[in-house]
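Raw my_file_12.cif, mmCIF, C-alpha atoms and all ligand atoms:
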```cif
data_model
loop_
_atom_site.label_atom_id
_atom_site.label_comp_id
_atom_site.auth_asym_id
_atom_site.auth_seq_id
_atom_site.Cartn_x
_atom_site.Cartn_y
_atom_site.Cartn_z
CA MET A 104 101.48 122.18 76.97
CA LYS A 105 101.18 125.69 75.65
CA ARG A 106 99.73 128.19 78.11
CA SER A 107 97.27 129.24 75.42
CA GLN A 108 95.87 125.70 75.35
CA ILE A 109 95.52 125.66 79.14
CA ASN A 110 93.71 129.02 79.08
CA TYR A 111 91.39 127.76 76.36
CA THR A 112 90.74 124.44 78.10
CA ILE A 113 89.66 126.09 81.37
CA ASP A 114 87.47 128.59 79.50
CA LYS A 115 85.88 125.62 77.71
CA ALA A 116 85.48 123.68 80.97
CA HIS A 117 83.55 126.61 82.42
CA ALA A 118 81.37 126.77 79.31
CA ILE A 119 80.61 123.04 79.56
CA ALA A 120 79.78 123.33 83.26
CA GLY A 121 77.52 126.28 82.46
CA THR A 122 75.74 124.37 79.69
CA LEU A 123 75.16 121.48 82.10
CA ARG A 124 74.03 123.91 84.83
CA LEU A 125 76.74 122.46 87.00
CA CYS A 126 77.50 124.98 89.72
CA LEU A 127 81.10 125.28 90.93
CA PRO A 128 82.65 126.82 94.04
CA ASP A 129 84.05 130.36 94.10
CA PHE A 130 87.69 129.40 93.70
CA ALA A 131 86.90 127.73 90.37
CA PHE A 132 86.16 131.21 88.99
CA PHE A 133 89.34 132.87 90.23
CA THR A 134 91.55 133.98 87.38
CA ALA A 135 95.22 134.70 88.10
CA ASP A 136 94.31 138.41 88.42
CA ILE A 137 91.50 137.69 90.89
CA TRP A 138 93.83 135.47 92.94
CA ARG A 139 96.30 138.36 93.20
CA ARG A 140 93.59 140.54 94.77
CA GLN A 141 92.58 137.98 97.39
CA GLU A 142 93.47 137.94 101.06
CA LEU A 143 95.44 134.72 100.66
CA GLY A 144 95.34 133.82 104.35
CA GLU A 145 91.61 133.19 103.99
CA TRP A 146 92.25 130.76 101.16
CA ARG A 147 95.00 128.78 102.82
CA GLU A 148 93.05 125.52 102.59
CA VAL A 149 92.55 125.90 98.84
CA LEU A 150 96.19 126.83 98.31
CA GLU A 151 97.79 124.24 100.56
CA LEU A 152 95.60 121.36 99.44
CA ALA A 153 95.86 122.39 95.78
CA LEU A 154 92.14 122.63 95.17
CA GLY A 155 91.31 124.06 91.77
CA TRP A 156 92.06 123.51 88.10
CA ASP A 157 94.38 120.76 86.98
CA ILE A 158 94.91 120.47 83.22
CA THR A 159 97.38 117.85 82.10
CA ASP A 160 98.61 116.10 78.99
CA PHE A 161 100.55 113.60 81.17
CA GLY A 162 103.68 114.73 79.36
CA SER A 163 102.36 113.44 76.03
CA GLY A 164 102.49 116.70 74.10
CA ASP A 165 99.16 115.64 72.58
CA PHE A 166 96.38 116.81 74.90
CA SER A 167 93.51 115.91 72.58
CA HIS A 168 94.48 112.21 72.68
CA THR A 169 96.20 111.89 76.06
CA GLY A 170 95.04 114.41 78.62
CA LEU A 171 92.51 115.26 81.26
CA THR A 172 90.69 118.29 82.67
CA LEU A 173 90.23 118.08 86.42
CA LEU A 174 88.87 120.37 89.08
CA THR A 175 89.79 119.30 92.61
CA LEU A 176 86.88 120.30 94.82
CA ARG A 177 87.76 118.72 98.15
CA ASN A 178 90.84 117.18 99.70
CA GLY A 179 92.70 116.62 102.97
CA LYS A 180 96.29 116.07 104.02
CA VAL A 181 97.18 112.99 106.01
CA GLY A 182 99.04 113.75 109.22
CA SER A 183 98.86 117.54 108.79
CA GLY A 184 96.56 118.17 111.73
CA HIS A 185 95.12 121.19 109.91
CA TYR A 186 93.21 119.25 107.30
CA PRO A 187 91.72 116.10 108.83
CA LYS A 188 89.44 115.33 105.88
CA THR A 189 89.99 111.72 104.80
CA TYR A 190 88.31 112.11 101.43
CA ALA A 191 88.60 113.99 98.16
CA GLU A 192 86.30 114.94 95.30
CA LYS A 193 87.11 115.93 91.72
CA MET A 194 85.23 116.85 88.60
CA LEU A 195 86.69 115.25 85.47
CA GLN A 196 86.02 116.42 81.95
CA ILE A 197 87.04 113.87 79.34
CA GLN A 198 86.87 114.77 75.67
CA GLN A 199 85.78 112.14 73.16
CA ASP A 200 88.68 109.73 72.45
CA GLN A 201 90.88 111.43 75.05
CA GLN A 202 92.67 108.91 77.27
CA THR A 203 94.18 108.97 80.72
CA PRO A 204 97.16 106.58 80.50
CA TRP A 205 97.81 103.45 82.57
CA HIS A 206 98.54 104.26 86.20
CA PHE A 207 97.81 103.08 89.72
CA HIS A 208 97.80 104.68 93.14
CA HIS A 209 99.93 103.36 95.97
CA HIS A 210 97.43 104.30 98.69
CA LYS A 211 94.35 105.96 97.24
CA MET A 212 91.12 104.07 96.64
CA GLU A 213 88.90 105.95 94.21
CA ASP A 214 85.47 105.69 92.68
CA ILE A 215 85.32 106.92 89.09
CA VAL A 216 81.79 107.75 87.95
CA ASN A 217 80.32 108.56 84.56
CA ARG A 218 77.94 111.39 85.41
CA GLY A 219 76.79 111.79 81.83
CA GLY A 220 77.66 112.11 78.18
CA GLY A 221 79.16 109.24 76.21
CA ASP A 222 80.60 105.95 77.42
CA LEU A 223 83.48 105.98 79.89
CA CYS A 224 85.65 103.03 78.88
CA MET A 225 88.22 101.63 81.25
CA GLN A 226 90.85 98.92 81.19
CA LEU A 227 92.03 97.38 84.44
CA ALA A 228 94.94 95.17 85.52
CA TRP A 229 96.68 94.50 88.80
CA ALA A 230 100.17 95.78 89.50
CA THR A 231 102.68 93.13 90.53
CA PRO A 232 104.81 93.76 93.65
CA GLU A 233 107.42 95.17 91.23
CA ALA A 234 104.77 97.58 89.83
CA LEU A 235 104.63 95.72 86.52
CA TYR A 236 101.41 94.98 84.64
CA ASP A 237 100.03 91.62 85.79
CA ASN A 238 98.64 89.97 82.67
CA LYS A 239 97.41 86.86 84.50
CA ARG A 240 95.57 87.80 87.66
CA LYS A 241 91.86 88.39 87.13
CA VAL A 242 90.35 91.66 88.28
CA GLU A 243 87.32 91.80 90.54
CA VAL A 244 85.76 95.20 91.07
CA SER A 245 82.50 96.66 92.31
CA VAL A 246 80.46 98.52 89.70
CA ASP A 247 77.77 100.31 91.66
CA GLY A 248 77.69 97.49 94.17
CA ARG A 249 77.63 94.72 91.56
CA ALA A 250 80.64 92.37 91.65
CA ARG A 251 82.22 92.22 88.19
CA THR A 252 85.20 90.15 87.05
CA PHE A 253 87.47 91.06 84.14
CA ARG A 254 90.50 89.62 82.42
CA PRO A 255 93.58 91.85 82.67
CA GLY A 256 93.18 94.63 80.12
CA GLU A 257 89.57 93.78 79.32
CA THR A 258 87.44 96.87 78.74
CA LEU A 259 84.80 97.88 81.25
CA VAL A 260 82.24 100.22 79.71
CA LEU A 261 80.68 102.60 82.21
CA LYS A 262 77.43 103.97 80.84
CA PRO A 263 76.15 107.33 82.07
CA GLY A 264 75.28 106.97 85.73
CA GLN A 265 77.62 104.04 86.37
CA GLY A 266 80.76 104.08 88.48
CA VAL A 267 83.51 101.71 89.55
CA CYS A 268 85.52 101.43 92.74
CA LEU A 269 89.27 101.12 92.08
CA PRO A 270 91.36 99.81 94.96
CA PRO A 271 95.04 100.77 95.43
CA ARG A 272 97.57 99.13 93.10
CA LEU A 273 94.98 98.42 90.40
CA TYR A 274 96.28 99.79 87.10
CA HIS A 275 93.65 101.70 85.15
CA ARG A 276 93.41 103.51 81.85
CA PHE A 277 90.25 105.26 80.70
CA TRP A 278 88.86 107.24 77.79
CA ALA A 279 85.56 108.64 76.52
CA GLU A 280 83.75 107.07 73.57
CA LYS A 281 80.87 108.38 71.44
CA SER A 282 80.90 111.79 73.12
CA PHE A 283 82.37 113.96 75.85
CA VAL A 284 82.03 112.45 79.35
CA LEU A 285 81.50 114.35 82.56
CA GLY A 286 83.30 112.20 85.12
CA TRP A 287 83.46 112.44 88.86
CA GLU A 288 86.00 111.11 91.31
CA ILE A 289 85.19 110.36 94.93
CA SER A 290 88.26 109.07 96.73
CA MET A 291 90.46 108.84 99.74
CA VAL A 292 92.78 111.80 100.26
CA ASN A 293 94.56 112.67 97.07
CA ASP A 294 98.32 113.21 96.82
CA ASP A 295 99.19 113.72 93.18
CA THR A 296 102.83 114.42 93.98
CA ASN A 297 103.60 111.04 95.55
CA ASP A 298 100.76 108.59 95.05
CA ASN A 299 100.64 108.10 91.27
CA TYR A 300 102.60 105.45 89.42
CA PHE A 301 102.51 105.49 85.64
CA LEU A 302 103.22 102.37 83.62
CA GLU A 303 105.04 104.41 80.99
CA PRO A 304 107.17 107.52 81.43
CA GLY A 305 105.36 110.81 81.11
CA GLY A 306 104.42 112.57 84.27
CA ARG A 307 101.40 113.79 86.16
CA PHE A 308 101.84 117.52 85.52
CA PRO A 309 102.66 119.13 82.17
CA ALA A 310 105.70 121.18 81.23
CA ILE A 311 104.27 124.56 80.20
CA ASP A 312 105.32 126.67 77.24
CA GLU A 313 104.44 130.24 78.25
CA ASP A 314 103.37 131.43 74.80
CA VAL A 315 100.77 133.85 76.26
CA ALA A 316 100.03 135.24 79.73
CA ALA A 317 98.39 132.88 82.21
CA LYS A 318 94.68 133.69 82.53
CA TRP A 319 94.18 130.90 85.06
CA LEU A 320 96.53 129.41 87.62
CA LEU A 321 96.69 125.67 87.81
CA CYS A 322 96.40 124.15 91.28
CA SER A 323 100.07 123.19 90.96
CA GLU A 324 101.04 126.86 90.42
CA TYR A 325 99.81 128.60 93.56
CA ALA A 326 103.39 129.13 94.71
CA ARG A 327 103.56 131.83 92.05
CA LEU A 328 101.24 134.00 94.16
CA ASN A 329 103.94 134.47 96.78
CA GLN A 330 106.22 136.03 94.19
CA ILE A 331 103.90 138.96 93.49
FE FE B 1 93.51 107.06 89.03
#
```

Any chance you could give the structure as structure tokens?
Amino acid sequence: MKRSQINYTIDKAHAIAGTLRLCLPDFAFFTADIWRRQELGEWREVLELALGWDITDFGSGDFSHTGLTLLTLRNGKVGSGHYPKTYAEKMLQIQQDQQTPWHFHHHKMEDIVNRGGGDLCMQLAWATPEALYDNKRKVEVSVDGRARTFRPGETLVLKPGQGVCLPPRLYHRFWAEKSFVLGWEISMVNDDTNDNYFLEPGGRFPAIDEDVAAKWLLCSEYARLNQI
């Protein structure tokens, strides 16, 4: 992704949150320049747990069709001792017709919720022991406490207000229809470095073309602060 597109996307995400009167924590407003003026020791939890902005095109090179805007609000780190939280929380902003590609999590169970906007459409399928797409085994999930059963790859439409619980090793792909969707993720501890498995090659974090200066630091870029 071009840095200019990342800068623009986070500016836009703030504008959307403002329009929705969605209030965000202080670190969400820290530009790269503000980060450089902080006493970083105070912000160790944010830095070490990679809370903050996460803009990705999943390696597609086509953010408008395959990409996601995330803000990690809460997280923990299993076995660290410092961060005993067992849960995580993320805001998701999904543009109309923008997909997050097929993936599953080895360990994380997550609830994905449509907080408002258009329809949040999702396809589901189990992963086989070899991490392949199981096109036979039916999928049973809880949608707001209601047991629902789907054929592999069948589309679940989450209307505004609805959410689904995705257990580990359940492949999922989702996109927004009709309009932008404000999504929310409530999950077990999140480890984006090790816990994601994508059905097709791509990657969780984008390669960045530094065409302009970075206005915002992504949560995967905090190591850059130590170099200043
Ligand atoms: Fe996921």

Problem set entry | Shell of 6 Å around stretch 317-327 of chain A, only C-alpha atoms, local chain residues under 5 positions omitted, as a list in words |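 My list of contacting residues is Asn110, Thr134, Ala135, Ala153, Leu154, Gly155, Trp156 and Asp157 of chain A.
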
For the contact check between chain A and ligand FE 1 (chain B), emit one row per residue of chain A within 12 Å, containing the shortest atom pair and the distance in Å rounded to one decimal, counting all atoms listed in the file, chain then rising number order, as CSV.
```
residue,atom,partner,partner_atom,distance
A:Leu171,CA,B:FE1,FE,11.3
A:Leu173,CA,B:FE1,FE,11.8
A:Lys193,CA,B:FE1,FE,11.3
A:Leu195,CA,B:FE1,FE,11.2
A:Gln202,CA,B:FE1,FE,11.9
A:Thr203,CA,B:FE1,FE,8.6
A:Pro204,CA,B:FE1,FE,9.3
A:Trp205,CA,B:FE1,FE,8.6
A:His206,CA,B:FE1,FE,6.4
A:Phe207,CA,B:FE1,FE,5.9
A:His208,CA,B:FE1,FE,6.4
A:His209,CA,B:FE1,FE,10.2
A:His210,CA,B:FE1,FE,10.8
A:Lys211,CA,B:FE1,FE,8.3
A:Met212,CA,B:FE1,FE,8.5
A:Glu213,CA,B:FE1,FE,7.0
A:Asp214,CA,B:FE1,FE,8.9
A:Ile215,CA,B:FE1,FE,8.2
A:Val216,CA,B:FE1,FE,11.8
A:Met225,CA,B:FE1,FE,10.9
A:Gln226,CA,B:FE1,FE,11.6
A:Leu227,CA,B:FE1,FE,10.8
A:Val267,CA,B:FE1,FE,11.4
A:Cys268,CA,B:FE1,FE,10.5
A:Leu269,CA,B:FE1,FE,7.9
A:Pro270,CA,B:FE1,FE,9.6
A:Pro271,CA,B:FE1,FE,9.1
A:Arg272,CA,B:FE1,FE,9.8
A:Leu273,CA,B:FE1,FE,8.9
A:Tyr274,CA,B:FE1,FE,8.0
A:His275,CA,B:FE1,FE,6.6
A:Arg276,CA,B:FE1,FE,8.0
A:Phe277,CA,B:FE1,FE,9.1
A:Trp287,CA,B:FE1,FE,11.4
A:Glu288,CA,B:FE1,FE,8.8
A:Ile289,CA,B:FE1,FE,10.7
A:Ser290,CA,B:FE1,FE,9.5
A:Met291,CA,B:FE1,FE,11.3
A:Asn293,CA,B:FE1,FE,9.9
A:Asp294,CA,B:FE1,FE,11.0
A:Asp295,CA,B:FE1,FE,9.7
A:Asp298,CA,B:FE1,FE,9.5
A:Asn299,CA,B:FE1,FE,7.5
A:Tyr300,CA,B:FE1,FE,9.2
A:Phe301,CA,B:FE1,FE,9.7
A:Arg307,CA,B:FE1,FE,10.8
```

For this session: Would you mind listing what lies within 9 Å of A:Ala228 as a list in words, with all atoms listed in the file counted and same-chain residues fewer than 5 positions away left out?
Result: Tyr236, Asp237, Asn238, Lys239, Arg240, Lys241, Val242, Phe253, Arg254, Pro255, Gly256, Glu257, Arg272, Leu273, Tyr274 and His275 of chain A

What's the 12 Å shell around A:Leu125, counting all atoms listed in the file, without same-chain residues fewer than 2 positions away, as a PDB file with C-alpha atoms, in the frame of the given file?
```
ATOM      1  CA  ALA A 116      85.480 123.680  80.970  1.00  0.00           C
ATOM      2  CA  HIS A 117      83.550 126.610  82.420  1.00  0.00           C
ATOM      3  CA  ALA A 118      81.370 126.770  79.310  1.00  0.00           C
ATOM      4  CA  ILE A 119      80.610 123.040  79.560  1.00  0.00           C
ATOM      5  CA  ALA A 120      79.780 123.330  83.260  1.00  0.00           C
ATOM      6  CA  GLY A 121      77.520 126.280  82.460  1.00  0.00           C
ATOM      7  CA  THR A 122      75.740 124.370  79.690  1.00  0.00           C
ATOM      8  CA  LEU A 123      75.160 121.480  82.100  1.00  0.00           C
ATOM      9  CA  LEU A 127      81.100 125.280  90.930  1.00  0.00           C
ATOM     10  CA  PRO A 128      82.650 126.820  94.040  1.00  0.00           C
ATOM     11  CA  ALA A 131      86.900 127.730  90.370  1.00  0.00           C
ATOM     12  CA  MET A 194      85.230 116.850  88.600  1.00  0.00           C
ATOM     13  CA  ARG A 218      77.940 111.390  85.410  1.00  0.00           C
ATOM     14  CA  GLY A 219      76.790 111.790  81.830  1.00  0.00           C
ATOM     15  CA  LEU A 285      81.500 114.350  82.560  1.00  0.00           C
TER      16      LEU A 285
END
```

Problem set entry | Among the residues A:Ser107, A:Gln201, A:Thr175, A:Gln141, the one that comes closest to A:Phe161 [using all atoms listed in the file] |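 Among the listed residues, A:Gln201 lies closest to A:Phe161.
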
For this session: Fewer than 3 positions away in the same chain doesn't count, so skip those; otherwise give me all residues within 8 Å of A:Thr112, counting all atoms listed in the file, as a list in words.
Result: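 These residues fall inside the cut-off: Gln108, Ile109, Lys115, Ala116, Ile158 and Thr172 of chain A.
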
Exercise. How far is it from atom CA of A:Asp222 to atom CA of A:Ile197, in Å with one decimal?
Worked result: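 Rounded to one decimal, the two atoms are 10.4 Å apart.
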
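Minimum atom-to-atom distance to A:Asn217, evaluated using only C-alpha atoms, belongs to A:Asp247 out of A:Asp129, A:Asp160, A:Glu303, A:Asp247.
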
Problem set entry | Contacts of A:Lys180 at 7 Å (all atoms listed in the file; same-chain gap of 4+ positions) as an MDAnalysis selection string | chainID A and resid 186:187 292

Keeping C-alpha atoms, export the residues of the selection given above as a PDB file, in the frame of the given file.
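Final file, part-v9.pdb:
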```pdb
ATOM      1  CA  TYR A 186      93.210 119.250 107.300  1.00  0.00           C
ATOM      2  CA  PRO A 187      91.720 116.100 108.830  1.00  0.00           C
ATOM      3  CA  VAL A 292      92.780 111.800 100.260  1.00  0.00           C
TER       4      VAL A 292
END
```

Problem set entry | Atomic separation - atom CA of A:Lys281 relative to atom CA of A:Gly221, Å | 5.1 Å

For this session: Can you work out the spacing between atom CA of A:Cys224 and atom CA of A:Ala310 in Å, to one decimal?
Result: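 Separation between atom CA of A:Cys224 and atom CA of A:Ala310: 27.1 Å.
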
Problem set entry | Shortest interatomic distance to A:Cys126 - which of A:Ala279, A:Leu176, A:Ser183, A:Thr252, counting all atoms listed in the file |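 Looking only at the distances to A:Cys126, the closest residue turns out to be A:Leu176.
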
Exercise. Of the candidates A:Val315, A:Leu302, A:Ile113, A:Leu328, which one gets nearest to A:Ala234 if we count all atoms listed in the file?
Worked result: A:Leu302
